[in-house]
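J.: So here's data39.cif, just mmCIF, C-alpha atoms:
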```cif
data_my_file
#
loop_
_atom_site.label_atom_id
_atom_site.label_comp_id
_atom_site.auth_asym_id
_atom_site.auth_seq_id
_atom_site.Cartn_x
_atom_site.Cartn_y
_atom_site.Cartn_z
CA MET A 1 -1.93 -35.60 51.35
CA LYS A 2 -4.14 -33.00 53.02
CA THR A 3 -1.31 -30.45 53.05
CA THR A 4 -0.57 -31.08 49.41
CA LEU A 5 -4.24 -30.75 48.45
CA MET A 6 -4.56 -27.50 50.39
CA ALA A 7 -1.42 -26.18 48.72
CA LEU A 8 -2.85 -26.97 45.29
CA VAL A 9 -6.14 -25.29 46.12
CA SER A 10 -4.29 -22.27 47.45
CA ALA A 11 -2.14 -22.07 44.30
CA ALA A 12 -5.23 -22.35 42.10
CA ALA A 13 -6.87 -19.54 44.03
CA LEU A 14 -3.83 -17.36 43.50
CA VAL A 15 -3.88 -18.04 39.75
CA THR A 16 -7.59 -17.28 39.57
CA ALA A 17 -7.20 -14.08 41.52
CA ALA A 18 -4.23 -12.82 39.49
CA PRO A 19 -4.97 -9.69 37.46
CA VAL A 20 -5.40 -10.01 33.69
CA LEU A 21 -2.10 -9.02 32.14
CA ALA A 22 -1.93 -6.42 29.38
CA ASP A 23 -1.59 -7.96 25.95
CA ASP A 24 1.33 -6.92 23.76
CA ALA A 25 1.45 -7.23 19.98
CA LYS A 26 4.09 -7.25 17.30
CA ILE A 27 3.50 -6.08 13.73
CA GLY A 28 5.76 -6.93 10.81
CA ILE A 29 6.38 -4.23 8.19
CA LEU A 30 7.27 -6.07 4.98
CA LEU A 31 8.22 -3.68 2.17
CA GLY A 32 10.71 -3.34 -0.68
CA PHE A 33 13.57 -1.68 1.16
CA THR A 34 15.75 -2.82 -1.73
CA GLY A 35 14.66 -3.18 -5.33
CA PRO A 36 12.81 -1.10 -7.92
CA LEU A 37 10.71 0.87 -5.41
CA GLU A 38 13.25 1.25 -2.64
CA SER A 39 12.92 5.04 -2.66
CA LEU A 40 9.25 4.77 -1.62
CA SER A 41 9.60 2.22 1.19
CA PRO A 42 11.09 4.38 3.99
CA ALA A 43 8.16 6.81 4.03
CA MET A 44 5.70 3.90 3.93
CA ALA A 45 7.39 2.17 6.86
CA LEU A 46 7.42 5.40 8.83
CA GLY A 47 3.72 5.81 8.11
CA ALA A 48 2.94 2.43 9.69
CA GLU A 49 5.28 3.15 12.59
CA LEU A 50 3.60 6.52 13.16
CA ALA A 51 0.31 4.71 13.80
CA ILE A 52 2.04 2.27 16.16
CA ALA A 53 3.69 5.11 18.10
CA GLU A 54 0.33 6.90 18.36
CA VAL A 55 -1.33 3.80 19.82
CA ASN A 56 1.50 3.26 22.30
CA ASP A 57 1.49 6.88 23.38
CA SER A 58 -2.23 6.66 24.14
CA GLY A 59 -1.71 3.88 26.70
CA LYS A 60 -5.14 2.51 25.80
CA PHE A 61 -4.23 -0.58 23.81
CA MET A 62 -5.36 -3.94 25.21
CA ASP A 63 -5.53 -2.95 28.89
CA GLY A 64 -2.20 -1.15 28.79
CA GLY A 65 -0.35 -3.36 26.33
CA SER A 66 2.13 -2.09 23.79
CA VAL A 67 2.85 -2.68 20.13
CA THR A 68 6.29 -3.13 18.59
CA SER A 69 7.26 -3.36 14.95
CA VAL A 70 9.91 -5.24 13.02
CA ARG A 71 10.86 -4.60 9.42
CA GLY A 72 11.43 -7.13 6.66
CA ASP A 73 12.65 -6.61 3.09
CA ASP A 74 10.45 -8.16 0.38
CA THR A 75 12.62 -6.67 -2.44
CA CYS A 76 9.40 -5.95 -4.38
CA ILE A 77 10.23 -8.44 -7.14
CA ASP A 78 11.96 -11.55 -5.70
CA ALA A 79 9.24 -13.95 -4.54
CA GLY A 80 11.74 -16.28 -2.88
CA ALA A 81 13.39 -13.52 -0.89
CA ALA A 82 10.00 -12.09 0.07
CA THR A 83 8.78 -15.48 1.26
CA THR A 84 11.93 -15.97 3.34
CA ALA A 85 11.53 -12.51 4.87
CA GLY A 86 7.87 -13.21 5.63
CA GLU A 87 8.69 -16.57 7.23
CA ARG A 88 11.31 -14.89 9.40
CA LEU A 89 8.78 -12.34 10.62
CA VAL A 90 6.34 -15.10 11.57
CA THR A 91 8.59 -17.84 12.92
CA SER A 92 11.55 -15.92 14.38
CA ASP A 93 10.03 -12.57 15.26
CA GLY A 94 6.59 -13.87 16.21
CA VAL A 95 4.53 -11.12 14.59
CA ASN A 96 0.76 -11.03 15.02
CA GLY A 97 0.18 -9.49 11.60
CA ILE A 98 2.00 -8.04 8.60
CA VAL A 99 1.64 -4.62 6.99
CA GLY A 100 2.72 -5.54 3.46
CA ALA A 101 3.90 -6.86 1.21
CA MET A 102 4.71 -4.06 -1.20
CA CYS A 103 4.43 -5.19 -4.83
CA SER A 104 1.72 -7.46 -6.15
CA GLY A 105 3.74 -10.49 -7.18
CA VAL A 106 5.61 -10.86 -3.91
CA THR A 107 2.43 -10.10 -1.99
CA GLY A 108 0.77 -13.09 -3.62
CA ALA A 109 3.77 -15.28 -2.84
CA VAL A 110 3.90 -14.29 0.83
CA LEU A 111 0.15 -14.68 1.15
CA GLN A 112 0.14 -18.21 -0.30
CA ASN A 113 3.37 -19.47 1.27
CA VAL A 114 3.44 -17.73 4.64
CA ALA A 115 0.25 -15.93 5.68
CA ILE A 116 -2.36 -18.55 4.82
CA PRO A 117 -0.41 -21.58 6.11
CA ASN A 118 0.35 -19.77 9.38
CA GLY A 119 -2.98 -17.96 9.73
CA ILE A 120 -1.41 -14.47 9.66
CA VAL A 121 -3.33 -11.34 8.68
CA MET A 122 -1.75 -9.26 5.89
CA ILE A 123 -2.79 -5.71 5.03
CA SER A 124 -0.95 -4.44 1.98
CA PRO A 125 -0.77 -0.66 1.54
CA SER A 126 0.38 -0.88 -2.08
CA ALA A 127 -0.25 -4.21 -3.86
CA THR A 128 -2.75 -3.26 -6.57
CA SER A 129 -3.01 -6.19 -9.00
CA PRO A 130 -6.65 -6.97 -9.89
CA ALA A 131 -5.77 -10.68 -9.59
CA LEU A 132 -5.48 -10.30 -5.82
CA THR A 133 -9.18 -9.47 -5.55
CA SER A 134 -10.26 -13.07 -6.17
CA VAL A 135 -7.55 -14.91 -4.21
CA GLU A 136 -8.88 -17.48 -1.73
CA ASP A 137 -7.31 -15.98 1.39
CA ASP A 138 -9.27 -17.43 4.34
CA GLY A 139 -10.26 -13.89 5.26
CA LEU A 140 -6.66 -12.99 6.07
CA PHE A 141 -5.77 -10.55 3.27
CA PHE A 142 -6.76 -6.90 3.01
CA ARG A 143 -5.39 -3.88 1.18
CA THR A 144 -5.79 -0.20 1.85
CA ALA A 145 -4.83 0.58 -1.76
CA PRO A 146 -7.38 0.43 -4.60
CA SER A 147 -7.12 -2.20 -7.33
CA ASP A 148 -5.54 -1.36 -10.67
CA ALA A 149 -8.86 -2.23 -12.27
CA ARG A 150 -9.96 1.20 -11.08
CA GLN A 151 -6.64 2.89 -11.84
CA GLY A 152 -6.92 1.85 -15.48
CA VAL A 153 -10.29 3.60 -15.77
CA ILE A 154 -8.92 6.74 -14.13
CA ILE A 155 -5.94 6.76 -16.51
CA ALA A 156 -8.21 6.45 -19.55
CA ASP A 157 -10.32 9.33 -18.24
CA ILE A 158 -7.25 11.55 -17.86
CA LEU A 159 -5.94 10.70 -21.33
CA THR A 160 -9.35 11.50 -22.79
CA ASP A 161 -9.46 14.84 -21.01
CA LYS A 162 -5.98 15.61 -22.38
CA GLY A 163 -7.14 14.92 -25.94
CA VAL A 164 -4.88 11.87 -26.41
CA SER A 165 -6.02 9.72 -29.33
CA SER A 166 -3.20 7.15 -29.33
CA ALA A 167 -0.59 5.91 -26.87
CA ALA A 168 2.24 3.41 -26.71
CA LEU A 169 2.26 1.33 -23.53
CA THR A 170 5.10 -0.52 -21.80
CA PHE A 171 4.87 -2.41 -18.52
CA THR A 172 7.21 -4.11 -16.10
CA ASN A 173 7.01 -7.82 -16.78
CA ASN A 174 5.37 -9.06 -13.57
CA ASP A 175 1.93 -9.41 -11.98
CA TYR A 176 1.64 -5.71 -11.19
CA GLY A 177 2.73 -4.50 -14.61
CA LYS A 178 0.66 -6.92 -16.65
CA GLY A 179 -2.46 -6.43 -14.56
CA LEU A 180 -2.21 -2.66 -14.79
CA ALA A 181 -1.40 -2.71 -18.51
CA ASP A 182 -4.39 -4.93 -19.26
CA SER A 183 -6.62 -2.60 -17.26
CA ILE A 184 -5.30 0.49 -19.04
CA ALA A 185 -5.66 -1.09 -22.48
CA ALA A 186 -9.24 -2.21 -21.85
CA ALA A 187 -10.30 1.16 -20.44
CA ALA A 188 -8.54 3.07 -23.23
CA GLU A 189 -10.29 0.98 -25.87
CA GLU A 190 -13.66 1.82 -24.33
CA LYS A 191 -12.75 5.51 -24.58
CA GLY A 192 -11.70 5.19 -28.23
CA ILE A 193 -7.98 5.63 -27.51
CA GLU A 194 -5.70 3.47 -29.66
CA ILE A 195 -3.00 1.56 -27.78
CA THR A 196 -0.43 1.21 -30.56
CA ILE A 197 1.70 -1.34 -28.68
CA ASN A 198 1.44 -3.07 -25.31
CA ALA A 199 4.92 -4.40 -24.61
CA PRO A 200 6.69 -5.69 -21.49
CA HIS A 201 10.12 -4.64 -20.29
CA GLU A 202 12.44 -6.28 -17.76
CA ASP A 203 13.86 -4.49 -14.74
CA GLY A 204 17.56 -4.26 -14.03
CA LYS A 205 18.83 -3.81 -17.61
CA GLY A 206 21.50 -1.32 -18.50
CA ASP A 207 20.24 -0.62 -22.01
CA TYR A 208 16.63 -0.15 -23.09
CA SER A 209 17.30 1.07 -26.62
CA ALA A 210 15.76 -2.01 -28.26
CA GLU A 211 12.56 -1.71 -26.22
CA VAL A 212 12.31 2.01 -26.98
CA ALA A 213 12.90 1.42 -30.69
CA ALA A 214 9.90 -0.93 -30.78
CA LEU A 215 7.76 1.57 -28.88
CA ALA A 216 8.82 4.40 -31.18
CA SER A 217 8.06 2.33 -34.26
CA ALA A 218 4.51 1.79 -33.07
CA GLY A 219 4.13 5.50 -32.30
CA GLY A 220 1.59 7.36 -30.23
CA ASP A 221 0.84 10.76 -28.76
CA ILE A 222 2.34 9.72 -25.44
CA LEU A 223 4.20 6.81 -23.84
CA ILE A 224 2.53 5.18 -20.84
CA VAL A 225 5.16 3.63 -18.57
CA ALA A 226 3.58 1.15 -16.16
CA GLY A 227 6.82 0.34 -14.40
CA TYR A 228 8.99 1.15 -11.40
CA LEU A 229 10.61 4.54 -10.92
CA ASP A 230 13.88 3.20 -9.49
CA GLN A 231 14.64 0.68 -12.26
CA GLY A 232 13.18 -0.28 -15.65
CA GLY A 233 10.60 2.48 -15.88
CA ARG A 234 13.24 5.12 -15.32
CA GLY A 235 15.48 3.44 -17.88
CA ILE A 236 12.71 3.42 -20.50
CA ILE A 237 12.05 7.13 -19.99
CA GLN A 238 15.72 8.09 -20.13
CA ALA A 239 16.31 6.02 -23.29
CA SER A 240 13.21 7.58 -24.90
CA LEU A 241 14.47 11.08 -24.17
CA ASP A 242 17.99 10.28 -25.33
CA SER A 243 16.74 8.93 -28.65
CA GLY A 244 13.99 11.49 -29.14
CA ALA A 245 11.40 8.73 -29.37
CA PHE A 246 9.02 10.35 -26.87
CA ASP A 247 9.12 13.52 -24.81
CA THR A 248 5.88 13.18 -22.84
CA PHE A 249 5.06 10.29 -20.51
CA PHE A 250 2.12 9.09 -18.50
CA LEU A 251 3.19 7.95 -15.03
CA PRO A 252 0.98 5.45 -13.15
CA ASP A 253 1.42 4.97 -9.40
CA GLY A 254 4.66 2.96 -9.48
CA MET A 255 6.35 5.76 -11.42
CA VAL A 256 5.40 8.74 -9.26
CA GLY A 257 8.09 9.83 -6.85
CA GLU A 258 10.63 12.56 -6.22
CA ALA A 259 13.46 10.16 -7.08
CA LEU A 260 12.30 10.01 -10.70
CA VAL A 261 12.07 13.79 -11.03
CA GLU A 262 15.52 14.19 -9.50
CA ALA A 263 17.00 11.57 -11.83
CA ILE A 264 15.44 12.82 -15.08
CA GLY A 265 15.40 16.54 -14.37
CA ASP A 266 13.57 19.19 -16.40
CA ASP A 267 13.12 16.83 -19.35
CA LEU A 268 10.24 15.28 -17.40
CA ASP A 269 8.33 18.57 -17.38
CA GLY A 270 4.95 18.24 -19.06
CA SER A 271 4.55 14.57 -18.21
CA TYR A 272 1.63 13.65 -16.01
CA GLY A 273 0.21 10.76 -14.07
CA VAL A 274 -1.84 9.44 -11.20
CA LEU A 275 -1.48 7.76 -7.82
CA PRO A 276 -3.85 6.88 -4.98
CA GLY A 277 -4.62 9.89 -2.83
CA SER A 278 -7.29 12.29 -1.68
CA ASP A 279 -7.68 15.83 -0.47
CA SER A 280 -9.66 14.64 2.52
CA GLU A 281 -9.29 16.08 5.99
CA GLY A 282 -7.61 12.83 7.05
CA SER A 283 -4.91 13.10 4.40
CA GLN A 284 -4.11 16.65 5.45
CA ILE A 285 -3.92 15.67 9.12
CA PHE A 286 -1.66 12.75 8.28
CA ALA A 287 0.68 15.00 6.31
CA LYS A 288 0.91 17.37 9.28
CA LEU A 289 1.51 14.55 11.77
CA SER A 290 4.23 13.11 9.55
CA GLU A 291 5.94 16.47 9.25
CA GLU A 292 5.80 16.97 13.02
CA ALA A 293 7.39 13.54 13.49
CA GLY A 294 10.18 14.47 11.08
CA ASN A 295 8.98 11.94 8.52
CA ALA A 296 8.84 12.41 4.77
CA THR A 297 5.47 11.70 3.20
CA GLY A 298 5.13 9.89 -0.08
CA VAL A 299 3.18 7.46 -2.19
CA TYR A 300 1.34 4.86 -0.09
CA ALA A 301 2.56 6.23 3.25
CA PRO A 302 -1.03 7.14 4.25
CA GLU A 303 -2.18 3.65 3.25
CA ALA A 304 0.56 2.12 5.41
CA TYR A 305 -0.59 4.19 8.39
CA ASP A 306 -4.13 2.98 7.80
CA GLY A 307 -3.08 -0.66 7.47
CA ALA A 308 -1.31 -0.65 10.83
CA ALA A 309 -4.12 1.30 12.48
CA LEU A 310 -6.84 -1.09 11.30
CA MET A 311 -4.85 -4.08 12.52
CA MET A 312 -4.44 -2.66 16.02
CA LEU A 313 -8.03 -1.46 16.25
CA ALA A 314 -9.25 -4.92 15.23
CA MET A 315 -7.19 -6.44 18.04
CA GLN A 316 -8.79 -4.02 20.46
CA LYS A 317 -12.28 -4.75 19.10
CA THR A 318 -11.97 -8.51 19.59
CA GLY A 319 -9.80 -8.39 22.69
CA SER A 320 -7.27 -10.62 20.97
CA THR A 321 -3.94 -10.40 19.15
CA ASP A 322 -4.68 -13.75 17.48
CA PRO A 323 -5.16 -13.17 13.72
CA ALA A 324 -7.77 -15.95 13.57
CA THR A 325 -9.88 -13.86 15.93
CA TYR A 326 -9.22 -10.24 15.02
CA LYS A 327 -9.42 -10.70 11.23
CA SER A 328 -13.21 -10.74 11.49
CA ALA A 329 -13.35 -7.16 12.80
CA ILE A 330 -11.33 -5.38 10.10
CA MET A 331 -14.12 -4.91 7.53
CA GLU A 332 -16.55 -3.74 10.23
CA LEU A 333 -14.14 -1.14 11.60
CA ALA A 334 -13.26 0.23 8.15
CA ASN A 335 -16.86 0.91 7.15
CA ALA A 336 -19.90 2.75 8.48
CA PRO A 337 -21.75 2.96 10.79
CA GLY A 338 -19.86 4.39 13.74
CA GLU A 339 -17.99 7.50 14.85
CA GLN A 340 -15.55 8.56 12.16
CA ILE A 341 -11.89 8.27 13.12
CA LEU A 342 -9.11 10.32 11.50
CA PRO A 343 -5.32 10.25 11.95
CA GLY A 344 -4.34 11.42 15.41
CA GLU A 345 -7.49 9.93 16.91
CA LEU A 346 -6.37 6.34 17.44
CA GLY A 347 -6.38 6.75 21.23
CA LYS A 348 -9.94 8.01 21.01
CA ALA A 349 -10.86 5.04 18.82
CA LEU A 350 -9.36 2.57 21.28
CA GLU A 351 -11.37 4.17 24.09
CA ILE A 352 -14.63 4.04 22.13
CA ILE A 353 -14.08 0.39 21.27
CA ALA A 354 -13.20 -0.49 24.86
CA GLY A 355 -16.46 1.11 25.95
CA GLY A 356 -18.46 -0.98 23.52
CA GLY A 357 -19.00 1.77 20.94
CA ASP A 358 -18.75 1.61 17.16
CA ILE A 359 -16.25 3.41 14.95
CA ASP A 360 -15.95 4.04 11.22
CA TYR A 361 -12.23 4.22 10.53
CA VAL A 362 -11.70 6.81 7.78
CA GLY A 363 -8.01 7.35 8.38
CA ALA A 364 -5.46 9.02 6.15
CA SER A 365 -6.70 7.56 2.86
CA SER A 366 -10.49 7.67 3.35
CA VAL A 367 -10.65 3.91 3.86
CA GLU A 368 -13.76 2.11 2.68
CA LEU A 369 -13.21 -1.60 2.17
CA ILE A 370 -15.07 -3.38 -0.64
CA ASN A 371 -14.81 -6.68 -2.53
CA GLY A 372 -13.94 -8.65 0.59
CA GLY A 373 -11.16 -6.35 1.74
CA GLU A 374 -9.74 -3.82 -0.74
CA SER A 375 -10.07 -0.06 -0.78
CA GLY A 376 -12.53 1.60 -3.14
CA GLY A 377 -10.02 4.41 -3.29
CA SER A 378 -9.60 7.85 -4.79
CA PHE A 379 -6.76 9.10 -6.98
CA ARG A 380 -4.55 12.17 -7.22
CA GLU A 381 -3.81 13.46 -10.72
CA ILE A 382 -0.36 15.03 -10.97
CA GLU A 383 1.78 16.90 -13.47
CA VAL A 384 5.52 17.48 -13.51
CA LYS A 385 6.16 21.20 -13.80
CA ASP A 386 9.39 23.14 -13.28
CA GLY A 387 11.08 20.03 -11.93
CA ALA A 388 8.42 19.32 -9.30
CA ILE A 389 5.37 17.09 -8.90
CA GLU A 390 2.23 19.21 -8.66
CA THR A 391 -1.30 18.09 -7.86
CA VAL A 392 -3.81 18.91 -10.60
CA GLN A 393 -7.00 17.47 -9.09
CA TYR A 394 -8.49 14.47 -7.31
CA ARG A 395 -10.62 11.83 -8.95
#
```
Produce structure tokens that represent the structure in this file.
T.:
Amino acid sequence: MKTTLMALVSAAALVTAAPVLADDAKIGILLGFTGPLESLSPAMALGAELAIAEVNDSGKFMDGGSVTSVRGDDTCIDAGAATTAGERLVTSDGVNGIVGAMCSGVTGAVLQNVAIPNGIVMISPSATSPALTSVEDDGLFFRTAPSDARQGVIIADILTDKGVSSAALTFTNNDYGKGLADSIAAAAEEKGIEITINAPHEDGKGDYSAEVAALASAGGDILIVAGYLDQGGRGIIQASLDSGAFDTFFLPDGMVGEALVEAIGDDLDGSYGVLPGSDSEGSQIFAKLSEEAGNATGVYAPEAYDGAALMMLAMQKTGSTDPATYKSAIMELANAPGEQILPGELGKALEIIAGGGDIDYVGASSVELINGGESGGSFREIEVKDGAIETVQYR
């Protein structure tokens, strides 16, 4: 008995004396790698993975721990498929948080069916529906993209500056499209711009002539296409050009991408639009880092970098990879006061946090979280000219 007791005491002493092991983390990247925004997802995923690589290279995460990533396909529009992909990330892959989802409808589905029941933090870089602002999320949901409530106001401002007095409006028939269309219509009305028609369209159709005929019948100085550049939105524009119904289009965020310009060609010249973005020092640094890594930059790639960065910094701040613990630090890290942190400075941020200091994570998209966890955001106004997307100004 004495020998056994001594052995137990000795074993306990060994356990107590053992060094604290470095803590590893796994982050899920849940985006629409297939579907109506599939051309945007690779750059977004690479943006998040760039932040992860930067943290790993620093060697300063969680006492020498490392972070790995695993991708999941939310399809952008299929809530069932997105939920299944999210469940796989949580139950099979064991992620500690999710950067995603991509589109608003599937983001809501994954949040309600996966993240909240399992207590998983989600930071979406691109879900912009105003409806997500008021979701009861147990403090688990954040987004580094601004709400479409603000985008609608920016769009109305641009149309006013362009001298537009009337516009036809079509939107993809889902949470994102309807929320954005309602925001645009309300803001346009306040500016005295007539929305002649506010009509939904479905993605995945081969023929949009009927939808375009209705839009043309209503008329307008311009057609606003609140859709997706890889599917219905592109189809609406091509059918409008083919029929001569419209020759100038306003392109909100889901329609801005090189794939659309390449598909439509010079006929898109003169159209204009808007997407989240800034000319901040952080955005310029991010673009340079992406280029050096051999990555393409695109819409919402900076926001994906910022989402992954905030998640890892929050883990460092709380000393835990448990979402129930680190979720409380995300708002604090994203806002003042503290030493401002830009892309390329994640190792520095980890060191400051480990030393008990405060940081204000500015990142690639000038992050400032409001309304319980969404970005206040700035926007980049663009115009298509000579077959290329050119920046006009920032708003």
J.: Output the residue selection produced by the PyMOL selection byres ((chain A and resi 360) around 6) on the file above, formatted as a list of chain:residue names.
T.: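 That expression, the PyMOL selection byres ((chain A and resi 360) around 6), corresponds here to A:Leu333, A:Ala334, A:Asn335, A:Ala336, A:Pro337, A:Gly338, A:Glu339, A:Gln340, A:Ile359, A:Tyr361.
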J.: Can you spell out as a ChimeraX atom specification the set of residues that the PyMOL selection byres ((chain A and resi 132-139) around 12) selects in the structure I just provided?
T.: /A:103-124,126-131,140-143,145-149,175-176,179,323-331,369-376
J.: Given the file shown, enumerate the residues that the PyMOL selection byres ((chain A and resi 84) around 12) captures and present them as a PDB file with C-alpha atoms, keeping the file's coordinate frame.
T.:
```
ATOM      1  CA  LEU A  30       7.270  -6.070   4.980  1.00  0.00           C
ATOM      2  CA  GLY A  72      11.430  -7.130   6.660  1.00  0.00           C
ATOM      3  CA  ASP A  73      12.650  -6.610   3.090  1.00  0.00           C
ATOM      4  CA  ASP A  74      10.450  -8.160   0.380  1.00  0.00           C
ATOM      5  CA  THR A  75      12.620  -6.670  -2.440  1.00  0.00           C
ATOM      6  CA  ASP A  78      11.960 -11.550  -5.700  1.00  0.00           C
ATOM      7  CA  ALA A  79       9.240 -13.950  -4.540  1.00  0.00           C
ATOM      8  CA  GLY A  80      11.740 -16.280  -2.880  1.00  0.00           C
ATOM      9  CA  ALA A  81      13.390 -13.520  -0.890  1.00  0.00           C
ATOM     10  CA  ALA A  82      10.000 -12.090   0.070  1.00  0.00           C
ATOM     11  CA  THR A  83       8.780 -15.480   1.260  1.00  0.00           C
ATOM     12  CA  ALA A  85      11.530 -12.510   4.870  1.00  0.00           C
ATOM     13  CA  GLY A  86       7.870 -13.210   5.630  1.00  0.00           C
ATOM     14  CA  GLU A  87       8.690 -16.570   7.230  1.00  0.00           C
ATOM     15  CA  ARG A  88      11.310 -14.890   9.400  1.00  0.00           C
ATOM     16  CA  LEU A  89       8.780 -12.340  10.620  1.00  0.00           C
ATOM     17  CA  VAL A  90       6.340 -15.100  11.570  1.00  0.00           C
ATOM     18  CA  THR A  91       8.590 -17.840  12.920  1.00  0.00           C
ATOM     19  CA  SER A  92      11.550 -15.920  14.380  1.00  0.00           C
ATOM     20  CA  VAL A 106       5.610 -10.860  -3.910  1.00  0.00           C
ATOM     21  CA  ALA A 109       3.770 -15.280  -2.840  1.00  0.00           C
ATOM     22  CA  VAL A 110       3.900 -14.290   0.830  1.00  0.00           C
ATOM     23  CA  ASN A 113       3.370 -19.470   1.270  1.00  0.00           C
ATOM     24  CA  VAL A 114       3.440 -17.730   4.640  1.00  0.00           C
ATOM     25  CA  ALA A 115       0.250 -15.930   5.680  1.00  0.00           C
TER      26      ALA A 115
END
```
J.: First collect every listed atom of segment 157-169 of chain A; then fit an axis-aligned box around them, widen it by 8 Å on each side, and give centre and edge lengths in Å to one decimal, as AutoDock Vina command-line options.
T.:
```
--center_x -4.0 --center_y 8.5 --center_z -23.6 --size_x 28.6 --size_y 30.3 --size_z 27.5
```
J.: Can you pull out the residues contacting segment 261-275 of chain A? Cut-off 6 Å, using all atoms listed in the file, and skip same-chain residues under 2 positions away; I want them as a ChimeraX atom specification.
T.: /A:248-253,258-259,379-385,387
J.: Rounded to one decimal in Å, what is the spacing between atom CA of Met62 of chain A and atom CA of Leu346 of chain A?
T.: 12.9 Å
J.: Identify the residues around (-8.7, 5.6, -19.0) within a radius of 7 Å, measuring from only C-alpha atoms in the coordinates stated by the file, and give them as number ranges by chain.
T.: A: 152-159, 184, 187-188, 191
J.: What's the 7 Å shell around Ala181 of chain A, counting all atoms listed in the file, without same-chain residues fewer than 4 positions away, as number ranges by chain?
T.: A: 171, 177, 185, 226
J.: Name all residues at most 7 Å from segment 192-208 of chain A (count only C-alpha atoms; drop same-chain ones fewer than 6 positions away) and give them as a list in words.
T.: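 The residues satisfying every condition are Ser165, Ser166, Ala167, Ala168, Leu169, Thr170, Phe171, Thr172, Asn173, Ala185, Leu215, Ala218, Gly219, Gly220, Gln231, Gly232, Gly235, Ile236 and Ala239 of chain A.
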J.: Considering only C-alpha atoms, state which residue in the set A:Ala388, A:Val99, A:Leu50, A:Val55 is at the smallest distance from Gly32 of chain A.
T.: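 The shortest atom-to-atom distance to Gly32 of chain A comes from A:Val99.
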J.: Can you list every residue of segment 22-132 of chain A that has an atom at most 6 Å from segment 294-315 of chain A, with its nearest atom pair and the distance in Å to one decimal, using all atoms listed in the file, ordered by chain then number, as a tab-separated table?
T.:
```
residue	atom	partner	partner_atom	distance
A:Ala43	CA	A:Thr297	CA	5.6
A:Met44	CA	A:Ala301	CA	4.0
A:Gly47	CA	A:Tyr305	CA	4.6
A:Ala48	CA	A:Tyr305	CA	4.2
A:Ala51	CA	A:Tyr305	CA	5.5
A:Ile123	CA	A:Gly307	CA	5.6
A:Pro125	CA	A:Glu303	CA	4.8
```
J.: Just to confirm, what's the straight-line distance from atom CA of Gly65 of chain A to atom CA of Ser320 of chain A in Å (one decimal)?
T.: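 The value is 11.4 Å.
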J.: Taking only C-alpha atoms into account, which of A:Asp322, A:Asp230, A:Glu345, A:Asp182 comes nearest Glu54 of chain A?
T.: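 Of all the options, A:Glu345 lies closest to Glu54 of chain A.
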J.: Using only C-alpha atoms for the distances, tell me which of A:Ile77, A:Val392, A:Val67, A:Ala45 is nearest to Asp24 of chain A.
T.: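 Smallest distance to Asp24 of chain A is found for A:Val67.
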J.: Go through A:Gly28, A:Pro36, A:Gly100, A:Pro343 one by one, measure the shortest atom-to-atom distance of each to Leu260 of chain A using only C-alpha atoms, and give the residue with the smallest value.
T.: A:Pro36
J.: Quick one: pull the distance between atom CA of Val367 of chain A and atom CA of Ser290 of chain A, Å, one decimal.
T.: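 Result for atom CA of Val367 of chain A versus atom CA of Ser290 of chain A: 18.4 Å, one decimal.
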J.: Reconstruct segment 135-141 of chain A at the level of N, CA, C and O atoms, and format the result as a short mmCIF file (atom, residue, chain, number, x, y, z; two decimals), keeping the file's coordinate frame.
T.:
```
data_model
loop_
_atom_site.label_atom_id
_atom_site.label_comp_id
_atom_site.auth_asym_id
_atom_site.auth_seq_id
_atom_site.Cartn_x
_atom_site.Cartn_y
_atom_site.Cartn_z
N VAL A 135 -8.35 -13.88 -4.86
CA VAL A 135 -7.55 -14.91 -4.21
C VAL A 135 -8.31 -15.49 -3.02
O VAL A 135 -8.91 -14.77 -2.22
N GLU A 136 -8.29 -16.82 -2.90
CA GLU A 136 -8.88 -17.48 -1.73
C GLU A 136 -7.92 -17.29 -0.55
O GLU A 136 -6.87 -17.93 -0.49
N ASP A 137 -8.27 -16.41 0.36
CA ASP A 137 -7.31 -15.98 1.39
C ASP A 137 -7.73 -16.31 2.82
O ASP A 137 -7.09 -15.84 3.77
N ASP A 138 -8.79 -17.08 2.99
CA ASP A 138 -9.27 -17.43 4.34
C ASP A 138 -9.59 -16.21 5.19
O ASP A 138 -9.50 -16.24 6.42
N GLY A 139 -9.92 -15.11 4.53
CA GLY A 139 -10.26 -13.89 5.26
C GLY A 139 -9.08 -13.21 5.92
O GLY A 139 -9.26 -12.38 6.81
N LEU A 140 -7.87 -13.51 5.43
CA LEU A 140 -6.66 -12.99 6.07
C LEU A 140 -6.05 -11.80 5.33
O LEU A 140 -5.21 -11.10 5.89
N PHE A 141 -6.45 -11.55 4.09
CA PHE A 141 -5.77 -10.55 3.27
C PHE A 141 -6.67 -9.34 3.02
O PHE A 141 -7.82 -9.46 2.60
#
```
